[in-house]
Amino acid sequence: MASSSDIDDVSVGGDGIRLGQFLQVAGLVDSGGEAKEAIREGEVLVNGEVDLRRGRQLKAGDVVSLAGRRARVAQ
């Protein structure tokens with residue numbers, strides 16, 4: 001099992017951020033199109049569960065995983 005040090009904390013400021021945007025901000029994808037495709041294909045996990053909603057509102061503490069990389073939403 002990966003330790004918490006394997007997670008990048010990504011500051012988003014404000015009240016939250018949408019999943020598709022967060023994937024880009026965190027550097028997990030290079031473009032919005034790539035984010036949309038990864039989400040649609042079920043490759044993105046939010047807090048350990050597949051989430052197919054690109055517009056899902058994330059909040060501080062949520063952990064997003066894609067292709068073995070993880071990023072946590074920080075304020």
# chains A, B, ... in the order shown; residues from 1 in each chain; ligands from 1
call {"tool": "residues_around", "arguments": {"residues": "Gly20 (chain A)", "least_positions_apart": "4", "cutoff": "10 Å", "atoms": "only C-alpha atoms", "output": "PyMOL selection string"}}
result
chain A and resi 24-25+29+31-39+44+53-58
call {"tool": "write_last_selection", "arguments": {"atoms": "C-alpha atoms", "output": "short mmCIF file (atom, residue, chain, number, x, y, z; two decimals), in the first residue's frame"}}
result
data_model
loop_
_atom_site.label_atom_id
_atom_site.label_comp_id
_atom_site.auth_asym_id
_atom_site.auth_seq_id
_atom_site.Cartn_x
_atom_site.Cartn_y
_atom_site.Cartn_z
CA GLN A 24 -5.03 19.40 -15.48
CA VAL A 25 -3.97 21.59 -12.54
CA VAL A 29 -3.22 15.05 -17.83
CA SER A 31 -5.37 18.77 -21.77
CA GLY A 32 -9.08 18.98 -21.14
CA GLY A 33 -9.66 16.45 -23.91
CA GLU A 34 -7.31 14.00 -22.26
CA ALA A 35 -9.10 14.53 -18.92
CA LYS A 36 -12.50 13.95 -20.54
CA GLU A 37 -11.30 10.73 -22.19
CA ALA A 38 -9.67 9.34 -19.02
CA ILE A 39 -12.81 10.06 -16.99
CA VAL A 44 -9.93 8.14 -12.84
CA ARG A 53 -18.48 12.81 -13.76
CA ARG A 54 -16.07 15.33 -15.25
CA GLY A 55 -17.95 18.11 -13.44
CA ARG A 56 -17.79 16.47 -10.02
CA GLN A 57 -17.00 19.12 -7.44
CA LEU A 58 -13.95 18.15 -5.40
#
call {"tool": "select_by_dssp", "arguments": {"residues": "chain A", "states": "alpha helix (DSSP H)", "output": "ChimeraX atom specification"}}
result
/A:19-25,32-40
call {"tool": "write_last_selection", "arguments": {"atoms": "C-alpha atoms", "output": "short mmCIF file (atom, residue, chain, number, x, y, z; two decimals), in the first residue's frame"}}
result
data_model
loop_
_atom_site.label_atom_id
_atom_site.label_comp_id
_atom_site.auth_asym_id
_atom_site.auth_seq_id
_atom_site.Cartn_x
_atom_site.Cartn_y
_atom_site.Cartn_z
CA LEU A 19 -12.61 16.94 -11.47
CA GLY A 20 -11.70 17.65 -15.10
CA GLN A 21 -9.99 20.91 -14.14
CA PHE A 22 -8.17 19.32 -11.22
CA LEU A 23 -6.65 16.64 -13.42
CA GLN A 24 -5.03 19.40 -15.48
CA VAL A 25 -3.97 21.59 -12.54
CA GLY A 32 -9.08 18.98 -21.14
CA GLY A 33 -9.66 16.45 -23.91
CA GLU A 34 -7.31 14.00 -22.26
CA ALA A 35 -9.10 14.53 -18.92
CA LYS A 36 -12.50 13.95 -20.54
CA GLU A 37 -11.30 10.73 -22.19
CA ALA A 38 -9.67 9.34 -19.02
CA ILE A 39 -12.81 10.06 -16.99
CA ARG A 40 -15.11 8.56 -19.63
#
call {"tool": "residues_around", "arguments": {"residues": "Val10 (chain A)", "least_positions_apart": "6", "cutoff": "12 Å", "atoms": "only C-alpha atoms", "output": "mmCIF file with C-alpha atoms, in the first residue's frame"}}
result
data_model
loop_
_atom_site.group_PDB
_atom_site.id
_atom_site.type_symbol
_atom_site.label_atom_id
_atom_site.label_comp_id
_atom_site.auth_asym_id
_atom_site.auth_seq_id
_atom_site.Cartn_x
_atom_site.Cartn_y
_atom_site.Cartn_z
ATOM 1 C CA GLY A 16 -13.266 23.524 -4.581
ATOM 2 C CA ILE A 17 -12.570 22.561 -8.166
ATOM 3 C CA GLN A 21 -9.987 20.911 -14.141
ATOM 4 C CA PHE A 22 -8.174 19.323 -11.218
ATOM 5 C CA LEU A 23 -6.650 16.637 -13.424
ATOM 6 C CA GLN A 24 -5.028 19.398 -15.483
ATOM 7 C CA VAL A 25 -3.970 21.589 -12.541
ATOM 8 C CA ALA A 26 -2.411 18.572 -10.810
ATOM 9 C CA GLY A 27 -0.511 17.658 -13.977
ATOM 10 C CA LEU A 28 -2.155 14.246 -14.243
ATOM 11 C CA LEU A 58 -13.948 18.155 -5.405
ATOM 12 C CA LYS A 59 -13.224 19.481 -1.936
ATOM 13 C CA ALA A 60 -10.136 19.708 0.241
ATOM 14 C CA GLY A 61 -8.877 16.259 1.191
ATOM 15 C CA ASP A 62 -10.244 14.421 -1.863
ATOM 16 C CA VAL A 63 -7.633 12.156 -3.482
ATOM 17 C CA VAL A 64 -7.642 11.714 -7.264
ATOM 18 C CA ARG A 70 -2.219 10.413 -6.943
ATOM 19 C CA ALA A 71 -2.965 14.025 -6.058
ATOM 20 C CA ARG A 72 -4.847 15.423 -3.074
ATOM 21 C CA VAL A 73 -6.957 18.577 -3.197
ATOM 22 C CA ALA A 74 -5.509 21.186 -0.830
ATOM 23 C CA GLN A 75 -6.725 24.733 -0.169
#
call {"tool": "select_by_dssp", "arguments": {"residues": "region 16-75 of chain A", "states": "strand (DSSP E)", "output": "list of chain:residue names"}}
result
A:Ile17, A:Arg18, A:Val44, A:Leu45, A:Val46, A:Glu49, A:Val50, A:Gln57, A:Leu58, A:Val63, A:Val64, A:Ser65, A:Leu66, A:Arg69, A:Arg70, A:Ala71, A:Arg72, A:Val73, A:Ala74
call {"tool": "atom_distance", "arguments": {"atom1": "CA of Gly48 (chain A)", "atom2": "CA of Leu66 (chain A)"}}
result
10.5 Å
call {"tool": "atom_distance", "arguments": {"atom1": "CA of Ser65 (chain A)", "atom2": "CA of Asp30 (chain A)"}}
result
14.9 Å
call {"tool": "atom_distance", "arguments": {"atom1": "CA of Glu41 (chain A)", "atom2": "CA of Val12 (chain A)"}}
result
25.0 Å
call {"tool": "closest_residue", "arguments": {"among": "A:Asp15, A:Asp51, A:Glu43, A:Asp6", "to": "Arg69 (chain A)", "atoms": "only C-alpha atoms"}}
result
A:Asp6
